[in-house]
Amino acid sequence: MSSALTDLFPHPIVQAPMAGGVSVPQLAAAVSEAGGLGFLAAGYKTADGMYQEIKHLRGLTSRPFGVNLFMPQPEYPGASTGSTGAANAAPPSGAVEVYAHQLAGEAAWYETELGDPDSGRDDGYDAKLAVLLDNPVPVVSFHFGIPSRDVLDSLRRAGTLTLVTATTAEEALAVERAGADAVIAQGVEAGGHQGTHRDIPENDGSGIGLLSLIAQVREAVSIPVVAAGGLMRGSQIAAVLAAGAGAAQLGTAFLATPESGANTLHKQALTNPLFARTELTRAFSGRPARGLVNRFLREHGPYAPAAYPEIHHLTSPLRKAAAKAGDAQGMALWAGQGHRLARELPAGELVEVLVGELDAARTALPDGGDGR
């Protein structure tokens, strides 16, 4: 599937933007230089911090790259997010305070204070947009909702292609109607936060697998589809391309690379038999996110309320303290279901290996694996 997006990079491989310091300029540059599409994650950064990373990345590569933004979260109750008109469910009264009380022992153990849950809901969205309009980048993607048509049109006039994550066919249709250039179909296998457009506790754990999602999205929309969720091998990339995606987005596969900014404990945990499986949890952020099952997730996941970004702010000092103490059992070890297939290769070499595996898999398919 050739499109304005996939024509930007020779190989149908997109490095997922992983917030929290993982998707650093060195990683994005290595992927883009190897013929994929590298991405910076602006989530949890200031607008200036994002701008400085863009400047750094441009000093490392002249190839196209992308920047990911988190959509502002609506106020409770009844506020809408993006153009979906959907409201996040308000947490039960006092739920955040109750969870903070439960975490008091963690704060004492790590000798730190809990964060302020009321530290902001917009992640500096407007300021980051202003930077990206003044200093356009080739691609901008959005997570946790859909930007307004005015925002998408403004970015298009600036020469930027836009992508928005969707986890259902209905969300993908809303993305297309809003005017985005492509949709990222995120299967439930994906590591990190599910990019649902609204957060409904009743839907926890009911996500759609990637191959089923691609088929549903392809029947719902005509814009290009980027497939995301648990992809670790070139043969899997071939499968999603054959299913109708134009490119594949991989996050966990790049997390273990030396260029990744992930904590060493996080990288090691991907293939450590001690962390045998992943699970969707609200324990660290208040929104469903897939991570390796550790002590914190087991003990607190069942009690974490649906309250993002309040819980993210609340637990942020705990996660930092656990990392500083070298305790992987207290960290948010985001990972997709394919984490045991992680390879400790330089990012550029990993792209080359994936392309070789993709070519081999395509050769074995009668139609060349291009989805026709």
# chains A, B, ... in the order shown; residues from 1 in each chain; ligands from 1
call {"tool": "select_by_dssp", "arguments": {"residues": "region 17-247 of chain A", "states": "strand (DSSP E)", "output": "VMD selection string"}}
result
chain A and resid 38 to 41 65 to 70 139 to 143 161 to 166 182 to 186 192 to 193 225 to 228 247
call {"tool": "residues_around", "arguments": {"residues": "His339 (chain A)", "least_positions_apart": "4", "cutoff": "9 Å", "atoms": "only C-alpha atoms", "output": "CSV table (one decimal) with N, CA, C and O atoms, in the first residue's frame"}}
result
chain,number,residue,atom,x,y,z
A,191,GLY,N,2.4,-3.2,23.9
A,191,GLY,CA,2.9,-2.8,25.2
A,191,GLY,C,2.6,-1.3,25.4
A,191,GLY,O,2.3,-0.5,24.5
A,230,GLY,N,2.5,-6.1,19.5
A,230,GLY,CA,3.1,-7.4,19.7
A,230,GLY,C,4.0,-7.8,18.6
A,230,GLY,O,4.4,-9.0,18.5
A,232,MET,N,7.3,-8.4,16.6
A,232,MET,CA,8.7,-8.6,17.0
A,232,MET,C,9.6,-9.2,15.9
A,232,MET,O,10.8,-9.2,16.0
A,252,THR,N,8.3,-2.6,21.6
A,252,THR,CA,9.0,-3.5,22.4
A,252,THR,C,10.3,-4.0,21.7
A,252,THR,O,11.3,-4.2,22.3
A,253,ALA,N,10.2,-4.2,20.4
A,253,ALA,CA,11.3,-4.8,19.7
A,253,ALA,C,12.5,-3.8,19.7
A,253,ALA,O,13.7,-4.3,19.7
A,270,LEU,N,12.8,-7.9,29.9
A,270,LEU,CA,12.1,-8.4,28.7
A,270,LEU,C,12.3,-9.9,28.5
A,270,LEU,O,11.3,-10.6,28.1
A,271,THR,N,13.5,-10.3,28.7
A,271,THR,CA,13.8,-11.8,28.5
A,271,THR,C,14.1,-12.5,29.8
A,271,THR,O,14.5,-13.6,29.7
A,277,ARG,N,5.1,-13.0,31.9
A,277,ARG,CA,4.0,-12.6,31.1
A,277,ARG,C,3.7,-11.1,31.3
A,277,ARG,O,4.2,-10.5,32.2
A,278,THR,N,2.8,-10.6,30.5
A,278,THR,CA,2.3,-9.2,30.6
A,278,THR,C,0.9,-9.2,30.9
A,278,THR,O,0.2,-10.2,30.9
A,292,LEU,N,5.0,-5.9,32.0
A,292,LEU,CA,5.4,-7.1,32.6
A,292,LEU,C,4.9,-7.2,34.0
A,292,LEU,O,4.9,-6.2,34.8
A,335,ALA,N,5.6,-3.4,28.2
A,335,ALA,CA,6.1,-4.4,27.2
A,335,ALA,C,4.9,-5.0,26.5
A,335,ALA,O,3.9,-5.2,27.1
call {"tool": "closest_residue", "arguments": {"among": "A:Ile200, A:Ala90, A:Ala256, A:Ala42", "to": "Pro17 (chain A)", "atoms": "only C-alpha atoms"}}
result
A:Ala42
call {"tool": "atom_distance", "arguments": {"atom1": "CA of Trp334 (chain A)", "atom2": "CA of Arg290 (chain A)"}}
result
5.9 Å
call {"tool": "residues_around", "arguments": {"residues": "Leu155 (chain A)", "least_positions_apart": "4", "cutoff": "9 Å", "atoms": "only C-alpha atoms", "output": "list in words"}}
result
Leu129, Leu132, Leu133, Pro136, Val140, Asp150, Val151, Gly159, Thr160, Leu161 and Thr162 of chain A
call {"tool": "atom_distance", "arguments": {"atom1": "CA of Asn294 (chain A)", "atom2": "CA of Ser206 (chain A)"}}
result
21.7 Å
call {"tool": "select_by_dssp", "arguments": {"residues": "region 283-338 of chain A", "states": "alpha helix (DSSP H)", "output": "PyMOL selection string"}}
result
chain A and resi 295-300+310-324
call {"tool": "closest_residue", "arguments": {"among": "A:Ala28, A:Gly205, A:Gln249, A:Gln52", "to": "Arg233 (chain A)", "atoms": "only C-alpha atoms"}}
result
A:Gln249
